[in-house]
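> Okay, here's the structure, questions in a sec.
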Amino acid sequence: MTNRRVLIVGASIAGPALAWWLRHHGFTVTVVERASALRPGGYKIDIRGAAIDVVEQMGLKEQLEGLETDMQVMSFVNKAGKRLASVPADLFMGRGEADLEVMRGDLSRILYDATRADVEYIFGDTVVGVDQADGTVTFKNGEPRTFDVVVGADGLHSVVRELTFGAEQEFVNDLGHLVSIGTVPNHLGLDRQELIYSAPGRTLNLYSTGKGHDAKALFLFTAPGLTYDRHDVQAQQRILDEAFRGAGWETDLLLDEIARADDFYFDTVSQVGLKRYGEGRVSLVGDAAYCPSFASGQGTSLALVGAYVLAGELAKADHPEAFAAYERTMRPFVERNLQLGRDNLGRMVSKSAFQSWIGAALMRVLPKLPGKDSMIEKMTKPIHDAARAIDLPQYRTAADDHL
Ligand SMILES: Cc1cc2nc3c(=O)[nH]c(=O)nc-3n(C[C@H](O)[C@H](O)[C@H](O)COP(=O)(O)OP(=O)(O)OC[C@H]3O[C@@H](n4cnc5c(N)ncnc54)[C@H](O)[C@@H]3O)c2cc1C
């Protein structure tokens, strides 16, 4: 086979997960990451359905269980901070018993630690060109090198996608919202609780996994068609400030704090739709290929499953057939989860004060309603079905056969 040396671009979730599976199948793997070190931060993320099977096969499930957020309660608060309704966190998030919720940074670190011994990681560099004819990759800083296969795991604004398939606008569907996340002091002493404040067009979530821990703030707001410089953090903070300043509850204080956060994250809520998952010797995985948006709650699970399938197919066949098989296996699963993201987003930001009030009122009465179990099942079924909407192929290696 002619696809043994693989370059992966991006070291967040999809990149290190793909590196793990490629190493498992005997490939030689290099990962290049633009940031100078593994990026910390992010909100809590869910690993569900088929992705649970993937982390179990990687032998990482137990480690992840030890880092579960163990969130207990979600409460809706009003402008004055009064708790309008409180519901068990598992119920609110539609989390099944087998699902895992961990911090994004913890998952990224676990995947990196599980691969760093036998995968070459290069931080502080990126790719500026890929010669499809002979596989020569040109780096921004390092010397050119040759690889059999190049995979972009470089997220929503993938450079590998742009170099291979064309400009971002063709593939990225902006859903008209912006999201910002950062670590802030836990000034309310939250202990495994999440508070949600909803104002028309804006939602602010704040949670902490324990009294002695920091808190995470998540600002989500409607901003159709708004454009900004992705590399200008101050401009992003101004946009956030204009959207939320004076909105009530703890917003002003949290705006001041998030502006000081060293893991400040700001992006559009967008989806990626690609016609093909491979071109020549280049393919994509994770958000670069099929970002379902954070509203789906499935971006991380898609990345983990996609890494498993892509590596397995590359182990079975040369890259043209492998990329085609990867796409055939993933596409129905991807489409289902993209739909979930679009459906969920409408429920995450209220259009009016009345809608915010109704949402909180429903949550207040729901746990007391006689038919609550079937109602909850109906509400959470779409996410469970989407998370399981793939039959994972089994890919055996020579090492597996000796077990
Ligand atoms: C710091 C951070 C915080 C996040 N927080 C959340 C969150 O709170 N909630 C949520 O749902 N999702 C969050 N995400 C996105 C989430 O990680 C992804 O949706 C999902 O896990 C899929 O991961 P991914 O590896 O495909 O993409 P990403 O997690 O987006 O990772 C892409 C990686 O590629 C790197 N990269 C980008 N461009 C280049 C380049 N040109 N050259 C080399 N490297 C490059 C990035 O630095 C990053 O490490 C966050 C992502 C990051 C990077």
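A note on labels: chains of the structure tokens are A, B, ... as shown, every chain counts residues from 1, and ligands are counted from 1 in their shown order.
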Tell me which protein, DNA and RNA residues are within 10 Å of region 292-300 of chain A, counting only C-alpha atoms, leaving out same-chain ones fewer than 3 positions away, and put them as a PDB file with N, CA, C and O atoms, in the first residue's frame.


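Once everything was written out, this is part_5.pdb:
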ATOM      1  N   SER A  12      -6.423  18.999  18.053  1.00  0.00           N
ATOM      2  CA  SER A  12      -7.441  19.297  19.075  1.00  0.00           C
ATOM      3  C   SER A  12      -8.101  17.982  19.476  1.00  0.00           C
ATOM      4  O   SER A  12      -7.658  17.311  20.411  1.00  0.00           O
ATOM      5  N   ILE A  13      -9.166  17.579  18.770  1.00  0.00           N
ATOM      6  CA  ILE A  13      -9.828  16.300  19.060  1.00  0.00           C
ATOM      7  C   ILE A  13      -9.639  15.339  17.869  1.00  0.00           C
ATOM      8  O   ILE A  13      -9.086  14.247  18.018  1.00  0.00           O
ATOM      9  N   ALA A  14     -10.099  15.767  16.683  1.00  0.00           N
ATOM     10  CA  ALA A  14     -10.055  14.874  15.519  1.00  0.00           C
ATOM     11  C   ALA A  14      -8.617  14.468  15.189  1.00  0.00           C
ATOM     12  O   ALA A  14      -8.355  13.304  14.866  1.00  0.00           O
ATOM     13  N   LYS A  44     -17.863  22.283  28.400  1.00  0.00           N
ATOM     14  CA  LYS A  44     -17.974  20.823  28.544  1.00  0.00           C
ATOM     15  C   LYS A  44     -18.529  20.261  27.237  1.00  0.00           C
ATOM     16  O   LYS A  44     -19.330  20.899  26.574  1.00  0.00           O
ATOM     17  N   ILE A  45     -18.097  19.075  26.904  1.00  0.00           N
ATOM     18  CA  ILE A  45     -18.562  18.468  25.654  1.00  0.00           C
ATOM     19  C   ILE A  45     -19.068  17.040  25.947  1.00  0.00           C
ATOM     20  O   ILE A  45     -18.667  16.422  26.933  1.00  0.00           O
ATOM     21  N   ASP A  46     -19.942  16.571  25.083  1.00  0.00           N
ATOM     22  CA  ASP A  46     -20.526  15.246  25.281  1.00  0.00           C
ATOM     23  C   ASP A  46     -19.911  14.233  24.337  1.00  0.00           C
ATOM     24  O   ASP A  46     -19.643  14.540  23.174  1.00  0.00           O
ATOM     25  N   ILE A  47     -19.711  13.029  24.842  1.00  0.00           N
ATOM     26  CA  ILE A  47     -19.310  11.894  23.995  1.00  0.00           C
ATOM     27  C   ILE A  47     -20.470  10.907  24.088  1.00  0.00           C
ATOM     28  O   ILE A  47     -20.830  10.468  25.186  1.00  0.00           O
ATOM     29  N   ARG A  48     -21.072  10.651  22.950  1.00  0.00           N
ATOM     30  CA  ARG A  48     -22.322   9.868  22.978  1.00  0.00           C
ATOM     31  C   ARG A  48     -22.309   8.738  21.958  1.00  0.00           C
ATOM     32  O   ARG A  48     -21.597   8.781  20.970  1.00  0.00           O
ATOM     33  N   GLY A  49     -23.221   7.812  22.142  1.00  0.00           N
ATOM     34  CA  GLY A  49     -23.564   6.811  21.130  1.00  0.00           C
ATOM     35  C   GLY A  49     -22.351   6.077  20.587  1.00  0.00           C
ATOM     36  O   GLY A  49     -21.544   5.500  21.319  1.00  0.00           O
ATOM     37  N   ALA A  51     -19.648   7.122  19.464  1.00  0.00           N
ATOM     38  CA  ALA A  51     -18.350   7.648  19.921  1.00  0.00           C
ATOM     39  C   ALA A  51     -17.925   7.004  21.239  1.00  0.00           C
ATOM     40  O   ALA A  51     -16.731   6.886  21.527  1.00  0.00           O
ATOM     41  N   MET A  93     -29.961  17.876  29.518  1.00  0.00           N
ATOM     42  CA  MET A  93     -29.055  17.682  28.386  1.00  0.00           C
ATOM     43  C   MET A  93     -29.398  16.424  27.589  1.00  0.00           C
ATOM     44  O   MET A  93     -28.738  16.118  26.606  1.00  0.00           O
ATOM     45  N   ARG A 104     -13.622  19.866  27.208  1.00  0.00           N
ATOM     46  CA  ARG A 104     -12.957  19.695  25.908  1.00  0.00           C
ATOM     47  C   ARG A 104     -11.444  19.592  26.072  1.00  0.00           C
ATOM     48  O   ARG A 104     -10.779  18.742  25.478  1.00  0.00           O
ATOM     49  N   LEU A 107     -10.283  16.153  27.244  1.00  0.00           N
ATOM     50  CA  LEU A 107     -10.313  15.124  26.192  1.00  0.00           C
ATOM     51  C   LEU A 107      -9.130  15.304  25.243  1.00  0.00           C
ATOM     52  O   LEU A 107      -8.447  14.347  24.873  1.00  0.00           O
ATOM     53  N   LEU A 156     -13.231  24.196  11.848  1.00  0.00           N
ATOM     54  CA  LEU A 156     -14.217  24.894  11.015  1.00  0.00           C
ATOM     55  C   LEU A 156     -13.587  25.739   9.903  1.00  0.00           C
ATOM     56  O   LEU A 156     -14.087  25.785   8.789  1.00  0.00           O
ATOM     57  N   ASN A 173     -21.743  26.955   6.207  1.00  0.00           N
ATOM     58  CA  ASN A 173     -23.065  27.535   6.299  1.00  0.00           C
ATOM     59  C   ASN A 173     -23.190  28.224   7.664  1.00  0.00           C
ATOM     60  O   ASN A 173     -23.301  27.559   8.694  1.00  0.00           O
ATOM     61  N   ASP A 174     -23.139  29.552   7.660  1.00  0.00           N
ATOM     62  CA  ASP A 174     -23.221  30.338   8.886  1.00  0.00           C
ATOM     63  C   ASP A 174     -24.684  30.346   9.355  1.00  0.00           C
ATOM     64  O   ASP A 174     -25.568  30.797   8.619  1.00  0.00           O
ATOM     65  N   LEU A 175     -24.930  29.849  10.562  1.00  0.00           N
ATOM     66  CA  LEU A 175     -26.315  29.724  11.044  1.00  0.00           C
ATOM     67  C   LEU A 175     -26.811  31.005  11.713  1.00  0.00           C
ATOM     68  O   LEU A 175     -27.870  31.010  12.358  1.00  0.00           O
ATOM     69  N   VAL A 179     -20.823  32.551  19.120  1.00  0.00           N
ATOM     70  CA  VAL A 179     -20.643  31.951  20.442  1.00  0.00           C
ATOM     71  C   VAL A 179     -19.276  32.338  20.988  1.00  0.00           C
ATOM     72  O   VAL A 179     -18.305  32.420  20.238  1.00  0.00           O
ATOM     73  N   THR A 268     -18.293  31.800  14.860  1.00  0.00           N
ATOM     74  CA  THR A 268     -19.666  31.737  14.371  1.00  0.00           C
ATOM     75  C   THR A 268     -20.213  30.346  14.684  1.00  0.00           C
ATOM     76  O   THR A 268     -19.456  29.393  14.855  1.00  0.00           O
ATOM     77  N   VAL A 269     -21.527  30.242  14.773  1.00  0.00           N
ATOM     78  CA  VAL A 269     -22.150  28.920  14.871  1.00  0.00           C
ATOM     79  C   VAL A 269     -22.419  28.521  13.423  1.00  0.00           C
ATOM     80  O   VAL A 269     -23.276  29.089  12.759  1.00  0.00           O
ATOM     81  N   SER A 270     -21.615  27.597  12.930  1.00  0.00           N
ATOM     82  CA  SER A 270     -21.652  27.261  11.498  1.00  0.00           C
ATOM     83  C   SER A 270     -21.604  25.764  11.293  1.00  0.00           C
ATOM     84  O   SER A 270     -21.177  25.017  12.176  1.00  0.00           O
ATOM     85  N   GLN A 271     -22.023  25.363  10.114  1.00  0.00           N
ATOM     86  CA  GLN A 271     -21.910  23.960   9.728  1.00  0.00           C
ATOM     87  C   GLN A 271     -21.069  23.848   8.468  1.00  0.00           C
ATOM     88  O   GLN A 271     -20.985  24.795   7.691  1.00  0.00           O
ATOM     89  N   VAL A 272     -20.492  22.679   8.270  1.00  0.00           N
ATOM     90  CA  VAL A 272     -19.710  22.433   7.056  1.00  0.00           C
ATOM     91  C   VAL A 272     -20.383  21.320   6.257  1.00  0.00           C
ATOM     92  O   VAL A 272     -20.729  20.278   6.816  1.00  0.00           O
ATOM     93  N   GLY A 273     -20.586  21.584   4.981  1.00  0.00           N
ATOM     94  CA  GLY A 273     -21.150  20.567   4.093  1.00  0.00           C
ATOM     95  C   GLY A 273     -20.239  20.387   2.887  1.00  0.00           C
ATOM     96  O   GLY A 273     -20.086  21.306   2.079  1.00  0.00           O
ATOM     97  N   GLY A 286     -13.371  15.492  11.206  1.00  0.00           N
ATOM     98  CA  GLY A 286     -13.858  16.389  12.261  1.00  0.00           C
ATOM     99  C   GLY A 286     -14.517  17.627  11.686  1.00  0.00           C
ATOM    100  O   GLY A 286     -15.082  17.611  10.585  1.00  0.00           O
ATOM    101  N   ASP A 287     -14.444  18.715  12.442  1.00  0.00           N
ATOM    102  CA  ASP A 287     -15.133  19.954  12.037  1.00  0.00           C
ATOM    103  C   ASP A 287     -14.710  20.431  10.648  1.00  0.00           C
ATOM    104  O   ASP A 287     -15.500  21.058   9.938  1.00  0.00           O
ATOM    105  N   ALA A 289     -14.345  18.780   8.055  1.00  0.00           N
ATOM    106  CA  ALA A 289     -15.118  18.057   7.040  1.00  0.00           C
ATOM    107  C   ALA A 289     -16.611  18.191   7.231  1.00  0.00           C
ATOM    108  O   ALA A 289     -17.364  18.326   6.267  1.00  0.00           O
ATOM    109  N   ALA A 303     -16.219  13.786  15.331  1.00  0.00           N
ATOM    110  CA  ALA A 303     -14.763  13.796  15.127  1.00  0.00           C
ATOM    111  C   ALA A 303     -14.150  12.453  15.543  1.00  0.00           C
ATOM    112  O   ALA A 303     -13.307  11.891  14.841  1.00  0.00           O
ATOM    113  N   LEU A 304     -14.591  11.920  16.684  1.00  0.00           N
ATOM    114  CA  LEU A 304     -14.038  10.646  17.178  1.00  0.00           C
ATOM    115  C   LEU A 304     -14.417   9.487  16.258  1.00  0.00           C
ATOM    116  O   LEU A 304     -13.580   8.640  15.931  1.00  0.00           O
ATOM    117  N   VAL A 305     -15.674   9.475  15.823  1.00  0.00           N
ATOM    118  CA  VAL A 305     -16.123   8.392  14.942  1.00  0.00           C
ATOM    119  C   VAL A 305     -15.452   8.527  13.575  1.00  0.00           C
ATOM    120  O   VAL A 305     -14.984   7.539  12.988  1.00  0.00           O
ATOM    121  N   GLY A 306     -15.367   9.750  13.064  1.00  0.00           N
ATOM    122  CA  GLY A 306     -14.737   9.988  11.757  1.00  0.00           C
ATOM    123  C   GLY A 306     -13.275   9.554  11.761  1.00  0.00           C
ATOM    124  O   GLY A 306     -12.787   8.958  10.789  1.00  0.00           O
ATOM    125  N   VAL A 334     -23.424  11.819   9.345  1.00  0.00           N
ATOM    126  CA  VAL A 334     -23.123  13.254   9.348  1.00  0.00           C
ATOM    127  C   VAL A 334     -24.399  14.060   9.066  1.00  0.00           C
ATOM    128  O   VAL A 334     -24.731  15.013   9.787  1.00  0.00           O
ATOM    129  N   GLU A 335     -25.143  13.661   8.021  1.00  0.00           N
ATOM    130  CA  GLU A 335     -26.335  14.430   7.640  1.00  0.00           C
ATOM    131  C   GLU A 335     -27.341  14.471   8.785  1.00  0.00           C
ATOM    132  O   GLU A 335     -27.961  15.493   9.060  1.00  0.00           O
ATOM    133  N   ARG A 336     -27.504  13.354   9.444  1.00  0.00           N
ATOM    134  CA  ARG A 336     -28.449  13.264  10.570  1.00  0.00           C
ATOM    135  C   ARG A 336     -28.054  14.246  11.684  1.00  0.00           C
ATOM    136  O   ARG A 336     -28.898  14.908  12.294  1.00  0.00           O
ATOM    137  N   ASN A 337     -26.749  14.357  11.943  1.00  0.00           N
ATOM    138  CA  ASN A 337     -26.289  15.214  13.027  1.00  0.00           C
ATOM    139  C   ASN A 337     -26.276  16.687  12.633  1.00  0.00           C
ATOM    140  O   ASN A 337     -26.457  17.566  13.464  1.00  0.00           O
ATOM    141  N   LEU A 338     -26.079  16.957  11.358  1.00  0.00           N
ATOM    142  CA  LEU A 338     -26.181  18.348  10.895  1.00  0.00           C
ATOM    143  C   LEU A 338     -27.625  18.841  11.063  1.00  0.00           C
ATOM    144  O   LEU A 338     -27.863  19.970  11.503  1.00  0.00           O
ATOM    145  N   GLN A 339     -28.573  17.960  10.745  1.00  0.00           N
ATOM    146  CA  GLN A 339     -29.983  18.329  10.909  1.00  0.00           C
ATOM    147  C   GLN A 339     -30.287  18.611  12.387  1.00  0.00           C
ATOM    148  O   GLN A 339     -30.977  19.577  12.725  1.00  0.00           O
ATOM    149  N   LEU A 340     -29.747  17.776  13.255  1.00  0.00           N
ATOM    150  CA  LEU A 340     -29.944  17.950  14.700  1.00  0.00           C
ATOM    151  C   LEU A 340     -29.458  19.333  15.146  1.00  0.00           C
ATOM    152  O   LEU A 340     -30.116  20.024  15.925  1.00  0.00           O
ATOM    153  N   GLY A 341     -28.296  19.736  14.647  1.00  0.00           N
ATOM    154  CA  GLY A 341     -27.731  21.044  15.009  1.00  0.00           C
ATOM    155  C   GLY A 341     -28.664  22.174  14.604  1.00  0.00           C
ATOM    156  O   GLY A 341     -28.909  23.110  15.378  1.00  0.00           O
ATOM    157  N   ARG A 342     -29.211  22.094  13.393  1.00  0.00           N
ATOM    158  CA  ARG A 342     -30.122  23.161  12.925  1.00  0.00           C
ATOM    159  C   ARG A 342     -31.388  23.189  13.774  1.00  0.00           C
ATOM    160  O   ARG A 342     -31.885  24.245  14.141  1.00  0.00           O
ATOM    161  N   ASP A 343     -31.907  21.998  14.107  1.00  0.00           N
ATOM    162  CA  ASP A 343     -33.140  21.937  14.903  1.00  0.00           C
ATOM    163  C   ASP A 343     -32.917  22.492  16.312  1.00  0.00           C
ATOM    164  O   ASP A 343     -33.776  23.184  16.858  1.00  0.00           O
ATOM    165  N   ASN A 344     -31.766  22.159  16.910  1.00  0.00           N
ATOM    166  CA  ASN A 344     -31.508  22.567  18.302  1.00  0.00           C
ATOM    167  C   ASN A 344     -31.302  24.066  18.449  1.00  0.00           C
ATOM    168  O   ASN A 344     -31.686  24.655  19.451  1.00  0.00           O
ATOM    169  N   LEU A 345     -30.656  24.675  17.477  1.00  0.00           N
ATOM    170  CA  LEU A 345     -30.237  26.074  17.641  1.00  0.00           C
ATOM    171  C   LEU A 345     -31.430  26.989  17.932  1.00  0.00           C
ATOM    172  O   LEU A 345     -31.350  27.874  18.792  1.00  0.00           O
ATOM    173  N   GLY A 346     -32.536  26.740  17.241  1.00  0.00           N
ATOM    174  CA  GLY A 346     -33.737  27.566  17.434  1.00  0.00           C
ATOM    175  C   GLY A 346     -34.212  27.558  18.878  1.00  0.00           C
ATOM    176  O   GLY A 346     -34.804  28.529  19.359  1.00  0.00           O
ATOM    177  N   ARG A 347     -33.938  26.463  19.600  1.00  0.00           N
ATOM    178  CA  ARG A 347     -34.403  26.355  20.998  1.00  0.00           C
ATOM    179  C   ARG A 347     -33.403  26.968  21.982  1.00  0.00           C
ATOM    180  O   ARG A 347     -33.711  27.117  23.158  1.00  0.00           O
ATOM    181  N   MET A 348     -32.197  27.288  21.492  1.00  0.00           N
ATOM    182  CA  MET A 348     -31.160  27.740  22.423  1.00  0.00           C
ATOM    183  C   MET A 348     -31.153  29.248  22.639  1.00  0.00           C
ATOM    184  O   MET A 348     -30.582  29.737  23.602  1.00  0.00           O
ATOM    185  N   ILE A 383     -31.572  13.248  19.734  1.00  0.00           N
ATOM    186  CA  ILE A 383     -30.113  13.263  19.939  1.00  0.00           C
ATOM    187  C   ILE A 383     -29.572  11.837  20.100  1.00  0.00           C
ATOM    188  O   ILE A 383     -28.520  11.488  19.551  1.00  0.00           O
ATOM    189  N   ALA A 386     -29.590  10.228  16.656  1.00  0.00           N
ATOM    190  CA  ALA A 386     -28.528  10.768  15.795  1.00  0.00           C
ATOM    191  C   ALA A 386     -27.158  10.238  16.229  1.00  0.00           C
ATOM    192  O   ALA A 386     -26.304   9.917  15.398  1.00  0.00           O
ATOM    193  N   ALA A 387     -26.961  10.118  17.542  1.00  0.00           N
ATOM    194  CA  ALA A 387     -25.661   9.662  18.051  1.00  0.00           C
ATOM    195  C   ALA A 387     -25.381   8.198  17.715  1.00  0.00           C
ATOM    196  O   ALA A 387     -24.240   7.767  17.702  1.00  0.00           O
TER     197      ALA A 387
END

> Write out as a list in words the residues lying within 8 Å of Phe147 (chain A), counting only C-alpha atoms and excluding same-chain residues fewer than 5 positions away.

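The neighbour list is Arg5, Val6, Leu7, Gly135, Thr136 and Val137 of chain A.
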
> Using backbone DSSP assignments, extract all strand (DSSP E or B) residues from region 161-340 of chain A; output them as an MDAnalysis selection string.

chainID A and resid 172:184 193:199 202:208 215:222 265:272 278:279 282:284

> Please run DSSP on the backbone and report, as a list of chain:residue names, all residues within region 105-159 of chain A that come out as alpha helix (DSSP H).

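Of region 105-159 of chain A, only A:Gly105, A:Asp106, A:Leu107, A:Ser108, A:Arg109, A:Ile110, A:Leu111, A:Tyr112, A:Asp113, A:Val159 fall in alpha helix (DSSP H).
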
> Quick one: residues within 10 Å of region 210-216 of chain A, only C-alpha atoms counted, chain neighbours fewer than 3 positions away excluded, as an MDAnalysis selection string?

chainID A and resid 41:44 69:71 181:194 205:207 254 258 261

> Output N, CA and C atoms of each residue in that selection to a file, as a PDB file, in the first residue's frame.


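Final output, saved to selection20.pdb:
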ATOM      1  N   GLY A  41      -8.921  24.774  27.246  1.00  0.00           N
ATOM      2  CA  GLY A  41     -10.171  25.535  27.223  1.00  0.00           C
ATOM      3  C   GLY A  41     -11.300  24.868  26.469  1.00  0.00           C
ATOM      4  N   GLY A  42     -12.385  25.623  26.400  1.00  0.00           N
ATOM      5  CA  GLY A  42     -13.619  25.100  25.820  1.00  0.00           C
ATOM      6  C   GLY A  42     -14.610  24.770  26.912  1.00  0.00           C
ATOM      7  N   TYR A  43     -15.843  24.599  26.516  1.00  0.00           N
ATOM      8  CA  TYR A  43     -16.916  24.270  27.448  1.00  0.00           C
ATOM      9  C   TYR A  43     -16.898  22.768  27.688  1.00  0.00           C
ATOM     10  N   LYS A  44     -17.863  22.283  28.400  1.00  0.00           N
ATOM     11  CA  LYS A  44     -17.974  20.823  28.544  1.00  0.00           C
ATOM     12  C   LYS A  44     -18.529  20.261  27.237  1.00  0.00           C
ATOM     13  N   THR A  69     -17.720  15.583  34.307  1.00  0.00           N
ATOM     14  CA  THR A  69     -18.032  16.849  34.982  1.00  0.00           C
ATOM     15  C   THR A  69     -18.959  16.642  36.175  1.00  0.00           C
ATOM     16  N   ASP A  70     -19.761  15.577  36.137  1.00  0.00           N
ATOM     17  CA  ASP A  70     -20.678  15.277  37.234  1.00  0.00           C
ATOM     18  C   ASP A  70     -21.643  16.428  37.513  1.00  0.00           C
ATOM     19  N   MET A  71     -22.062  17.101  36.454  1.00  0.00           N
ATOM     20  CA  MET A  71     -23.002  18.220  36.633  1.00  0.00           C
ATOM     21  C   MET A  71     -24.304  17.706  37.235  1.00  0.00           C
ATOM     22  N   ILE A 181     -16.719  31.651  24.514  1.00  0.00           N
ATOM     23  CA  ILE A 181     -16.544  30.807  25.706  1.00  0.00           C
ATOM     24  C   ILE A 181     -15.232  31.185  26.387  1.00  0.00           C
ATOM     25  N   GLY A 182     -15.221  31.194  27.704  1.00  0.00           N
ATOM     26  CA  GLY A 182     -13.955  31.449  28.390  1.00  0.00           C
ATOM     27  C   GLY A 182     -14.032  31.062  29.859  1.00  0.00           C
ATOM     28  N   THR A 183     -12.868  30.914  30.459  1.00  0.00           N
ATOM     29  CA  THR A 183     -12.789  30.603  31.887  1.00  0.00           C
ATOM     30  C   THR A 183     -12.880  31.909  32.678  1.00  0.00           C
ATOM     31  N   VAL A 184     -13.719  31.904  33.701  1.00  0.00           N
ATOM     32  CA  VAL A 184     -13.913  33.100  34.542  1.00  0.00           C
ATOM     33  C   VAL A 184     -13.888  32.661  36.009  1.00  0.00           C
ATOM     34  N   PRO A 185     -13.660  33.599  36.947  1.00  0.00           N
ATOM     35  CA  PRO A 185     -13.703  33.193  38.358  1.00  0.00           C
ATOM     36  C   PRO A 185     -15.105  32.691  38.731  1.00  0.00           C
ATOM     37  N   ASN A 186     -15.142  31.735  39.650  1.00  0.00           N
ATOM     38  CA  ASN A 186     -16.430  31.157  40.074  1.00  0.00           C
ATOM     39  C   ASN A 186     -17.005  32.027  41.179  1.00  0.00           C
ATOM     40  N   HIS A 187     -17.375  33.262  40.835  1.00  0.00           N
ATOM     41  CA  HIS A 187     -17.714  34.240  41.874  1.00  0.00           C
ATOM     42  C   HIS A 187     -19.038  33.927  42.573  1.00  0.00           C
ATOM     43  N   LEU A 188     -19.867  33.040  41.980  1.00  0.00           N
ATOM     44  CA  LEU A 188     -21.131  32.674  42.632  1.00  0.00           C
ATOM     45  C   LEU A 188     -20.998  31.375  43.433  1.00  0.00           C
ATOM     46  N   GLY A 189     -19.787  30.815  43.464  1.00  0.00           N
ATOM     47  CA  GLY A 189     -19.549  29.584  44.236  1.00  0.00           C
ATOM     48  C   GLY A 189     -20.344  28.401  43.707  1.00  0.00           C
ATOM     49  N   LEU A 190     -20.492  28.299  42.400  1.00  0.00           N
ATOM     50  CA  LEU A 190     -21.282  27.207  41.816  1.00  0.00           C
ATOM     51  C   LEU A 190     -20.577  25.879  42.023  1.00  0.00           C
ATOM     52  N   ASP A 191     -21.363  24.875  42.386  1.00  0.00           N
ATOM     53  CA  ASP A 191     -20.810  23.538  42.600  1.00  0.00           C
ATOM     54  C   ASP A 191     -21.592  22.553  41.740  1.00  0.00           C
ATOM     55  N   ARG A 192     -21.028  22.169  40.608  1.00  0.00           N
ATOM     56  CA  ARG A 192     -21.665  21.258  39.649  1.00  0.00           C
ATOM     57  C   ARG A 192     -23.062  21.740  39.239  1.00  0.00           C
ATOM     58  N   GLN A 193     -23.169  23.066  39.172  1.00  0.00           N
ATOM     59  CA  GLN A 193     -24.436  23.673  38.750  1.00  0.00           C
ATOM     60  C   GLN A 193     -24.184  24.551  37.540  1.00  0.00           C
ATOM     61  N   GLU A 194     -25.216  24.652  36.712  1.00  0.00           N
ATOM     62  CA  GLU A 194     -25.149  25.542  35.560  1.00  0.00           C
ATOM     63  C   GLU A 194     -26.325  26.510  35.642  1.00  0.00           C
ATOM     64  N   ASN A 205     -24.723  31.232  29.613  1.00  0.00           N
ATOM     65  CA  ASN A 205     -24.629  30.074  30.526  1.00  0.00           C
ATOM     66  C   ASN A 205     -23.380  30.242  31.382  1.00  0.00           C
ATOM     67  N   LEU A 206     -23.497  29.830  32.635  1.00  0.00           N
ATOM     68  CA  LEU A 206     -22.348  29.874  33.538  1.00  0.00           C
ATOM     69  C   LEU A 206     -22.371  28.602  34.366  1.00  0.00           C
ATOM     70  N   TYR A 207     -21.244  27.892  34.430  1.00  0.00           N
ATOM     71  CA  TYR A 207     -21.248  26.699  35.270  1.00  0.00           C
ATOM     72  C   TYR A 207     -19.871  26.485  35.860  1.00  0.00           C
ATOM     73  N   LEU A 254     -19.431  39.385  33.904  1.00  0.00           N
ATOM     74  CA  LEU A 254     -18.865  38.259  33.141  1.00  0.00           C
ATOM     75  C   LEU A 254     -18.211  38.733  31.848  1.00  0.00           C
ATOM     76  N   ILE A 258     -14.469  37.676  31.018  1.00  0.00           N
ATOM     77  CA  ILE A 258     -14.108  36.878  29.837  1.00  0.00           C
ATOM     78  C   ILE A 258     -13.081  37.634  28.986  1.00  0.00           C
ATOM     79  N   ALA A 261      -9.843  36.423  30.053  1.00  0.00           N
ATOM     80  CA  ALA A 261      -9.596  34.968  30.019  1.00  0.00           C
ATOM     81  C   ALA A 261      -8.497  34.633  29.014  1.00  0.00           C
TER      82      ALA A 261
END

> Take CA of Arg364 (chain A) and CA of Arg202 (chain A) and report the distance between them in Å, one decimal.

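Computing the Euclidean distance for CA of Arg364 (chain A) and CA of Arg202 (chain A) yields 20.7 Å.
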